[in-house]
Amino acid sequence: MPLFVRYHIASSTAFGILEGDVIRQILGSPFTAYELSGVTESLPEVKLLAPVEPSKIFCVGLNYRSHLQGRPEPTRPEMFLKPPTALQNPEDPIIIPKVAGNVHYEGEMVIVIGRRAKEVSPEEAKKVIFGVTCGNDVSERNWQNGADKDLQWWRAKGSDTFAPLGPAIATGLNYNDVQLTTRYNGKVVQQQRTSDLIFDCEAIVSWVSQCVTLLPGDVIYTGTPGATSKIAPGDVIEVEIGGIGTLRNPVAA
């Protein structure tokens, strides 16, 4: 099960295959034909980046029963979008906007699309899912649900740095049954297996593709379990998924 990373070293950015603490650089993209360049890097000596640069960031709301909190179970995947400018790299800060007052973490598994997908069935969706990674659907609850909430979630979900992603894309993983764990300042605050998703990965990809063409590198955050809580500058949020690794981000003003 190769782990693909995107990283920066010196003045260059590249994709590679992560093996322990060694990165084997590849020529080309993980989504196309590629070959090993022969160059290796030590993981501690590179800067890991968000593993893809998507044209679109989709997210699913209300996709764990434990997150419904009395709300009715949805009859279809409830989707929303984040702009690509919301992406944040592993280890880089989640920056709380000056005008925000109630920002929460949401640890999630994220689907990475590997092939163009339009009007695919759930069975066909298996062939377009390249792999999965860790994500944090950072959310400002006042703008999302408060008394003066916005018409759309453009800033509640889409503010700069509100989509941390990484550290690696796992391929060949049984992504419909892995354990997701979120830690807030070292304390476990979310823990659930993805087998508890209301809509699994194939159903989500199929649903989105009926109306929007998915392209290689596009990502879909699949939902968060349980409850969430407010974060503040100085906090550290970690999202860990078995077989992938840990996405760690400090919080800053």
# chains A, B, ... in the order shown; residues from 1 in each chain; ligands from 1
>>> select_by_dssp(residues="stretch 71-128 of chain A", states="strand (DSSP E or B)", output="list in words")
Glu78, Met79, Phe80, Leu81, Lys82, Leu87, Gln88, Ile94, Ile95, Val103, His104, Gly107, Glu108, Met109, Val110, Ile111, Val112, Ile113 and Ala117 of chain A
>>> residues_around(residues="A:Asn176", least_positions_apart="6", cutoff="12 Å", atoms="only C-alpha atoms", output="list in words")
Met109, Val110, Ile111, Lys126, Ile129, Gly131, Val132, Gln192, Arg193, Thr194, Ser195, Asp196, Leu197, Ile198, Phe199, Asp200, Cys201, Glu202, Ala203, Ile204, Thr222, Ile241 and Gly242 of chain A
>>> write_last_selection(atoms="C-alpha atoms", output="short mmCIF file (atom, residue, chain, number, x, y, z; two decimals), in the first residue's frame")
data_model
loop_
_atom_site.label_atom_id
_atom_site.label_comp_id
_atom_site.auth_asym_id
_atom_site.auth_seq_id
_atom_site.Cartn_x
_atom_site.Cartn_y
_atom_site.Cartn_z
CA MET A 109 -11.18 10.99 6.31
CA VAL A 110 -10.75 12.53 2.86
CA ILE A 111 -11.25 10.83 -0.51
CA LYS A 126 -14.28 2.28 -6.82
CA ILE A 129 -10.99 6.65 -5.92
CA GLY A 131 -6.85 6.74 -2.08
CA VAL A 132 -7.60 8.55 1.15
CA GLN A 192 -14.83 6.19 15.35
CA ARG A 193 -14.45 3.75 12.50
CA THR A 194 -15.38 4.82 8.99
CA SER A 195 -17.64 1.78 8.76
CA ASP A 196 -20.08 3.99 10.70
CA LEU A 197 -20.42 6.49 7.84
CA ILE A 198 -24.03 6.87 6.73
CA PHE A 199 -22.89 7.18 3.10
CA ASP A 200 -19.72 5.31 2.18
CA CYS A 201 -17.02 6.57 -0.15
CA GLU A 202 -18.43 5.01 -3.30
CA ALA A 203 -21.91 6.41 -2.65
CA ILE A 204 -20.50 9.90 -2.08
CA THR A 222 -16.40 12.55 4.22
CA ILE A 241 -6.18 7.48 10.57
CA GLY A 242 -4.81 3.97 10.70
#
>>> residues_around(residues="stretch 141-154 of chain A", least_positions_apart="6", cutoff="10 Å", atoms="only C-alpha atoms", output="ChimeraX atom specification")
/A:80-83,100-104,229-230
>>> write_last_selection(atoms="C-alpha atoms", output="PDB file, in the first residue's frame")
ATOM      1  CA  PHE A  80     -20.891  21.740   0.338  1.00  0.00           C
ATOM      2  CA  LEU A  81     -17.723  23.264  -1.106  1.00  0.00           C
ATOM      3  CA  LYS A  82     -14.561  24.825   0.241  1.00  0.00           C
ATOM      4  CA  PRO A  83     -12.312  26.925  -2.025  1.00  0.00           C
ATOM      5  CA  ALA A 100     -14.299  34.836  14.070  1.00  0.00           C
ATOM      6  CA  GLY A 101     -15.619  33.878  17.497  1.00  0.00           C
ATOM      7  CA  ASN A 102     -16.424  30.172  17.565  1.00  0.00           C
ATOM      8  CA  VAL A 103     -14.094  28.045  15.422  1.00  0.00           C
ATOM      9  CA  HIS A 104     -14.242  24.237  15.807  1.00  0.00           C
ATOM     10  CA  SER A 229     -15.469  22.003  20.381  1.00  0.00           C
ATOM     11  CA  LYS A 230     -13.971  25.457  20.109  1.00  0.00           C
TER      12      LYS A 230
END
>>> residues_around(residues="A:Ile244", least_positions_apart="2", cutoff="12 Å", atoms="only C-alpha atoms", output="ChimeraX atom specification")
/A:1-5,18-20,51,109-110,131-135,165-175,178-181,239-242,246-247
>>> write_last_selection(atoms="N, CA and C atoms", output="mmCIF file, in the first residue's frame")
data_model
loop_
_atom_site.group_PDB
_atom_site.id
_atom_site.type_symbol
_atom_site.label_atom_id
_atom_site.label_comp_id
_atom_site.auth_asym_id
_atom_site.auth_seq_id
_atom_site.Cartn_x
_atom_site.Cartn_y
_atom_site.Cartn_z
ATOM 1 N N MET A 1 0.847 -1.191 0.000
ATOM 2 C CA MET A 1 0.000 0.000 0.000
ATOM 3 C C MET A 1 0.884 1.244 0.000
ATOM 4 N N PRO A 2 1.233 1.761 -1.175
ATOM 5 C CA PRO A 2 2.098 2.946 -1.211
ATOM 6 C C PRO A 2 1.456 4.148 -0.534
ATOM 7 N N LEU A 3 2.283 4.940 0.120
ATOM 8 C CA LEU A 3 1.885 6.222 0.688
ATOM 9 C C LEU A 3 2.512 7.315 -0.160
ATOM 10 N N PHE A 4 1.687 8.152 -0.768
ATOM 11 C CA PHE A 4 2.188 9.227 -1.617
ATOM 12 C C PHE A 4 2.188 10.547 -0.849
ATOM 13 N N VAL A 5 3.271 11.291 -1.002
ATOM 14 C CA VAL A 5 3.380 12.600 -0.376
ATOM 15 C C VAL A 5 3.773 13.634 -1.419
ATOM 16 N N LEU A 18 6.421 7.498 0.309
ATOM 17 C CA LEU A 18 6.968 7.494 1.666
ATOM 18 C C LEU A 18 7.140 6.066 2.151
ATOM 19 N N GLU A 19 8.366 5.734 2.566
ATOM 20 C CA GLU A 19 8.682 4.422 3.132
ATOM 21 C C GLU A 19 9.434 4.658 4.434
ATOM 22 N N GLY A 20 8.705 4.590 5.549
ATOM 23 C CA GLY A 20 9.324 4.909 6.834
ATOM 24 C C GLY A 20 9.685 6.378 6.884
ATOM 25 N N PRO A 51 -1.061 16.950 0.174
ATOM 26 C CA PRO A 51 -0.597 15.967 -0.811
ATOM 27 C C PRO A 51 -1.133 16.159 -2.223
ATOM 28 N N MET A 109 -11.873 11.690 7.389
ATOM 29 C CA MET A 109 -11.184 10.995 6.306
ATOM 30 C C MET A 109 -11.543 11.690 5.004
ATOM 31 N N VAL A 110 -10.561 11.791 4.108
ATOM 32 C CA VAL A 110 -10.753 12.527 2.862
ATOM 33 C C VAL A 110 -10.470 11.619 1.669
ATOM 34 N N GLY A 131 -7.234 7.071 -3.450
ATOM 35 C CA GLY A 131 -6.852 6.737 -2.083
ATOM 36 C C GLY A 131 -7.511 7.690 -1.117
ATOM 37 N N VAL A 132 -7.027 7.687 0.109
ATOM 38 C CA VAL A 132 -7.600 8.547 1.146
ATOM 39 C C VAL A 132 -6.483 9.179 1.974
ATOM 40 N N THR A 133 -6.826 10.298 2.604
ATOM 41 C CA THR A 133 -5.892 10.966 3.491
ATOM 42 C C THR A 133 -6.657 11.535 4.680
ATOM 43 N N CYS A 134 -5.973 12.256 5.535
ATOM 44 C CA CYS A 134 -6.589 12.870 6.708
ATOM 45 C C CYS A 134 -6.938 14.323 6.411
ATOM 46 N N GLY A 135 -8.009 14.802 7.015
ATOM 47 C CA GLY A 135 -8.398 16.191 6.846
ATOM 48 C C GLY A 135 -9.037 16.747 8.097
ATOM 49 N N LEU A 165 -4.857 19.274 5.282
ATOM 50 C CA LEU A 165 -4.923 18.030 4.515
ATOM 51 C C LEU A 165 -3.573 17.333 4.550
ATOM 52 N N GLY A 166 -3.588 16.007 4.743
ATOM 53 C CA GLY A 166 -2.337 15.248 4.702
ATOM 54 C C GLY A 166 -2.236 14.274 5.883
ATOM 55 N N PRO A 167 -1.062 13.762 6.161
ATOM 56 C CA PRO A 167 0.219 14.078 5.535
ATOM 57 C C PRO A 167 0.494 13.287 4.259
ATOM 58 N N ALA A 168 -0.251 12.179 4.039
ATOM 59 C CA ALA A 168 0.033 11.299 2.907
ATOM 60 C C ALA A 168 -1.270 10.734 2.374
ATOM 61 N N ILE A 169 -1.236 10.300 1.125
ATOM 62 C CA ILE A 169 -2.372 9.597 0.524
ATOM 63 C C ILE A 169 -2.088 8.103 0.590
ATOM 64 N N ALA A 170 -2.965 7.370 1.250
ATOM 65 C CA ALA A 170 -2.824 5.916 1.321
ATOM 66 C C ALA A 170 -3.617 5.280 0.200
ATOM 67 N N THR A 171 -2.980 4.361 -0.516
ATOM 68 C CA THR A 171 -3.655 3.606 -1.570
ATOM 69 C C THR A 171 -3.764 2.149 -1.130
ATOM 70 N N GLY A 172 -4.769 1.472 -1.638
ATOM 71 C CA GLY A 172 -4.943 0.064 -1.296
ATOM 72 C C GLY A 172 -5.483 -0.174 0.094
ATOM 73 N N LEU A 173 -5.955 0.877 0.742
ATOM 74 C CA LEU A 173 -6.479 0.768 2.104
ATOM 75 C C LEU A 173 -7.969 0.429 2.057
ATOM 76 N N ASN A 174 -8.455 -0.338 3.006
ATOM 77 C CA ASN A 174 -9.893 -0.578 3.134
ATOM 78 C C ASN A 174 -10.513 0.652 3.795
ATOM 79 N N TYR A 175 -10.687 1.696 3.002
ATOM 80 C CA TYR A 175 -11.066 2.999 3.552
ATOM 81 C C TYR A 175 -12.464 3.029 4.148
ATOM 82 N N VAL A 178 -11.697 1.980 8.577
ATOM 83 C CA VAL A 178 -10.472 2.358 9.277
ATOM 84 C C VAL A 178 -10.851 3.231 10.470
ATOM 85 N N GLN A 179 -9.953 3.323 11.427
ATOM 86 C CA GLN A 179 -10.251 4.109 12.621
ATOM 87 C C GLN A 179 -9.756 5.537 12.476
ATOM 88 N N LEU A 180 -10.650 6.471 12.776
ATOM 89 C CA LEU A 180 -10.354 7.900 12.777
ATOM 90 C C LEU A 180 -10.264 8.385 14.221
ATOM 91 N N THR A 181 -9.192 9.091 14.543
ATOM 92 C CA THR A 181 -9.003 9.629 15.892
ATOM 93 C C THR A 181 -8.597 11.090 15.792
ATOM 94 N N VAL A 239 -5.243 14.811 13.631
ATOM 95 C CA VAL A 239 -6.197 13.864 13.056
ATOM 96 C C VAL A 239 -5.397 12.659 12.567
ATOM 97 N N GLU A 240 -5.687 11.502 13.140
ATOM 98 C CA GLU A 240 -4.938 10.292 12.814
ATOM 99 C C GLU A 240 -5.873 9.242 12.228
ATOM 100 N N ILE A 241 -5.436 8.592 11.162
ATOM 101 C CA ILE A 241 -6.183 7.484 10.573
ATOM 102 C C ILE A 241 -5.218 6.321 10.380
ATOM 103 N N GLY A 242 -5.647 5.143 10.826
ATOM 104 C CA GLY A 242 -4.807 3.968 10.700
ATOM 105 C C GLY A 242 -4.416 3.699 9.261
ATOM 106 N N THR A 246 -0.643 10.861 10.783
ATOM 107 C CA THR A 246 -1.257 11.905 11.598
ATOM 108 C C THR A 246 -1.084 13.265 10.947
ATOM 109 N N LEU A 247 -2.197 13.958 10.792
ATOM 110 C CA LEU A 247 -2.209 15.347 10.337
ATOM 111 C C LEU A 247 -2.208 16.230 11.579
#
>>> closest_residue(among="A:Pro84, A:Gly226, A:Pro164, A:Pro77", to="A:Arg65", atoms="only C-alpha atoms")
A:Gly226
>>> closest_residue(among="A:Ala10, A:Ala33, A:Val189, A:Val52", to="A:Tyr105", atoms="only C-alpha atoms")
A:Val189
>>> atom_distance(atom1="atom CA of A:Thr213", atom2="atom CA of A:Arg116")
7.0 Å
>>> select_by_dssp(residues="stretch 167-224 of chain A", states="alpha helix (DSSP H)", output="PyMOL selection string")
chain A and resi 201-209
